[in-house]
Amino acid sequence: MKYIIYFFSLTAFMYSCQVNPQQFVELTDNLEIPSNSNIKIIGGEYTFGDDTMDGVIQIVDKNNIMLDGDSVTVHGLDFSGYMINVENSHHVTIKNFDWVDNYKYAIRVLNSHDITINGNTLSFNKKDTIGWIEIWTGVNNALGGGVLMHQCRKCELFDNTMQQQNDGIALYECDSIQVHHNILNWNTGFGVRMNFTDSCYINNNDCSHINRLTDPSDCAAILLIVSNNNIVEYNDLTYSGDGVFLGQYNHSQIPNNNYFAYNDCSYSPHNAIEATFADGNVYKHNLCNYSHYGFWLGYSFNSLVDSNEVIGNQHSGIAIDRGYNNTIINNTISENPTGIELWEGDPIPPYQDQESRDYFIKNNIIEGNSVAVSAIKTEHLVVQNNDFIKNRNGVYFEGSSSEDTITDNLFDHTTIFHLENISYDDIYAINNDFMTNDEALISCKIFDAEDVFVYGEVIWHPYVPGPDPVWQTTPPTDLAEPPAIWYQYPEACWGYGLWEPTTIRYDHINKVVGDASVHISTGNGWDIGASYRPGSDSLASWHLTEMDSIGVWYKSVNNTGYGFQYHWIILGNNCGGFYKYTASAGSVLNPTIGQWVNYRIPVAGNSQWSRSSQGNISLDEINYIEIHVDTWEYGFEFWIDGLSFTSYYTSIDENDPDSRQISIQNQPNPFSGYTIINYSIPEKGFVTLQIKDVAGNVVMDLVNKVLQAGNHQYELQAANLLPGVYFFSLEFGGQQIEAKGVKVR
């Protein structure tokens, strides 16, 4: 209602100004505008400096002014002073200036009220791109930009363009300011800066791409420092250091009660929304995707995080250190390394007694995260009526976890543990739906005192009986084909920078076999884990004891100049156990840059693929396979195709001539210390495997014996081979084929 009354008063004022005859005035230096005037500056291009910092145009102790700058361009000198300076005045309208640049601020307004600034282009004023911004400094250290207001109230700024400078609009110790429908993007400090400014309405502005060449954590699309009771909604805050940054340090006894709604804060290299030491803020229907953090609410309390979209962030979706009494409801939180991260970190004075406690997490969809919820030293955590869908891990507890309850949730096909309790407290987790009636399976996916007796117990009876799972007992001939479902589980990455999100989807064009390959694209690259799930919402339970190898085709794009850093494959079961096959990324992944390469990994491991294990694991019940690729924090593209498990004995189709062929391939190629020769024969018989030089001379006999049908490997230690080109020759059943290998170094 206050805004409606304000609009009526502004309209009445504008109408009263129109009764005064308009005067056409040429712009001169130190032009004083009298009260009760309607001034039109004569069009043209002007250049004036303002070394005295009192304004080229001066409105001081005046009221009832209409100032029109249509067709006027004004250039300052040396990025100092102001083109228009307003002090101790009211009912002033400044409109339609075509262009103002090269000042510290184009317009400065001090201790005034009912000021309207609309339809102006105030760009390319004072701009810094390097160095740290001190956000707690007062108006005397204002950075420069489009409009500066100090101790003003009941003002309106709309339909202006203010770009390529430090601040779009800076408000110090103001209240009841309306800022709407402005273009404030591509500045280097802040789109809208608010210091000790209350009861403002900031809506429908473009504050995107606010960033600096240095660390982006000190700039933001919208900054609120000890600013309260503001409404911020429907703004474009994308690609900015922070979308929203709210700071209340040492003023947290003052409730903020700010309302942030329907803003797009995505693609921030720092945080989509950051609020620290803040009290009573509401965040609803915001987009907080593909940023370093979606929400960073350190030491915040009494917050409501409601109905936001928090997808694909680089670290955590929602992260809160030592917060309390926060409610997180109705959000979509997916594809983050950690969906919701709560902890009690090292204390910051004077908040050392503030604990992580009293959280209410309800009615959220939490899907496809590496960890859905992590609670470390967090007490009285209530997690209720959430849908946990296909997360790698569900809810994780560590440290003091007293009075934590997990009730009435759906846990749909968690890869490893639904609930993992490594705290020393009991967790109450009753009436949850684990999508099965199999109590042994549920127990396997809950880690607690039954697994390590010193930890607390997870009390999960009674539970909601679910349908019997549909089991995929035999792996498909190619796991990289629809209708299989692939999820990507990125680990946390600490690097800043604008980056593209991580995606995983089928590629029906760039493939080797079948209808499609699995394509991973990431601008991050920090341990991207691609995880297979059967289609039709079924569960895998593979018996691989008669399988000797994992076959796969890889291809990649990596333009970093550093190549790949790490690579491993995981075969895991339903109870937290897994085999890990680790290979040198340099020898396995770097050869795939720009080309398809086929690998066959022995399930027993070898010198190229080192196998380790964790937990109780065997090959007789494998639940999932993951392929992990890591470039630290550099982006890449990666394709997976023809992923299959191969048995010791390959059946022969007499009517299929391809099934009676022999094959041979080696990798890595080129090689230095060793290479793995993979070869196959269609039936039992005598095999000859040799190394020949380019003249066809036999250099070494490797295999001369009867072998069973199927796939075989020979690990060649190449220390005795000189650098050069060699041919690996396979003879079987009257057939002979060769594969070329190159020995280097």
# chains A, B, ... in the order shown; residues from 1 in each chain; ligands from 1
>>> select_by_dssp(residues="range 364-399 of chain A", states="strand (DSSP E or B)", output="list in words")
Ile365, Ile366, Glu367, Val371, Ala372, Val373, Ser374, Ala375, Ile376, Glu379, His380, Leu381, Val382, Val383, Gln384, Asp387, Phe388, Ile389, Asn393, Gly394, Val395, Tyr396, Phe397 and Glu398 of chain A
>>> write_last_selection(atoms="C-alpha atoms", output="PDB file, in the first residue's frame")
ATOM      1  CA  ILE A 365      13.124 -32.884  -3.944  1.00  0.00           C
ATOM      2  CA  ILE A 366      16.788 -33.783  -3.456  1.00  0.00           C
ATOM      3  CA  GLU A 367      18.016 -35.664  -6.517  1.00  0.00           C
ATOM      4  CA  VAL A 371      25.682 -36.435  -0.874  1.00  0.00           C
ATOM      5  CA  ALA A 372      22.067 -35.371  -0.364  1.00  0.00           C
ATOM      6  CA  VAL A 373      22.416 -33.927   3.175  1.00  0.00           C
ATOM      7  CA  SER A 374      25.562 -33.651   5.284  1.00  0.00           C
ATOM      8  CA  ALA A 375      25.116 -32.757   8.971  1.00  0.00           C
ATOM      9  CA  ILE A 376      28.322 -32.379  11.002  1.00  0.00           C
ATOM     10  CA  GLU A 379      21.771 -30.938  16.701  1.00  0.00           C
ATOM     11  CA  HIS A 380      17.990 -31.102  16.467  1.00  0.00           C
ATOM     12  CA  LEU A 381      17.931 -31.603  12.728  1.00  0.00           C
ATOM     13  CA  VAL A 382      14.455 -32.498  11.482  1.00  0.00           C
ATOM     14  CA  VAL A 383      14.372 -34.036   7.987  1.00  0.00           C
ATOM     15  CA  GLN A 384      10.808 -34.849   6.999  1.00  0.00           C
ATOM     16  CA  ASP A 387      12.085 -37.153  -1.763  1.00  0.00           C
ATOM     17  CA  PHE A 388      15.675 -38.403  -1.917  1.00  0.00           C
ATOM     18  CA  ILE A 389      15.993 -39.609  -5.514  1.00  0.00           C
ATOM     19  CA  ASN A 393      24.707 -41.000  -0.708  1.00  0.00           C
ATOM     20  CA  GLY A 394      21.659 -39.992   1.314  1.00  0.00           C
ATOM     21  CA  VAL A 395      21.953 -38.327   4.742  1.00  0.00           C
ATOM     22  CA  TYR A 396      25.364 -38.240   6.445  1.00  0.00           C
ATOM     23  CA  PHE A 397      25.947 -37.574  10.167  1.00  0.00           C
ATOM     24  CA  GLU A 398      29.215 -36.801  11.916  1.00  0.00           C
TER      25      GLU A 398
END
>>> residues_around(residues="Phe360 in chain A", least_positions_apart="3", cutoff="12 Å", atoms="only C-alpha atoms", output="PyMOL selection string")
chain A and resi 301-306+323-330+340+342+357+363-364+378-386+404-407
>>> closest_residue(among="A:Trp471, A:Phe417, A:Phe48, A:Tyr428", to="Gly576 in chain A", atoms="only C-alpha atoms")
A:Phe417
>>> closest_residue(among="A:Ile640, A:Ala319, A:Ile130, A:Ile225", to="Glu173 in chain A", atoms="only C-alpha atoms")
A:Ile225
>>> atom_distance(atom1="CA of Leu246 in chain A", atom2="CA of Lys377 in chain A")
25.2 Å
>>> residues_around(residues="Asn118 in chain A", least_positions_apart="4", cutoff="6 Å", atoms="only C-alpha atoms", output="PyMOL selection string")
chain A and resi 95+157-160
>>> write_last_selection(atoms="C-alpha atoms", output="PDB file, in the first residue's frame")
ATOM      1  CA  LYS A  95      15.300  12.330 -16.964  1.00  0.00           C
ATOM      2  CA  LEU A 157      15.120   5.169 -10.208  1.00  0.00           C
ATOM      3  CA  PHE A 158      13.775   3.395 -13.283  1.00  0.00           C
ATOM      4  CA  ASP A 159      14.422   2.777 -16.985  1.00  0.00           C
ATOM      5  CA  ASN A 160      18.046   3.923 -16.713  1.00  0.00           C
TER       6      ASN A 160
END
>>> select_by_dssp(residues="range 254-497 of chain A", states="helix (DSSP H, G or I)", output="JSON, numbers by chain")
{"A": [439, 440, 441, 442, 443, 444]}
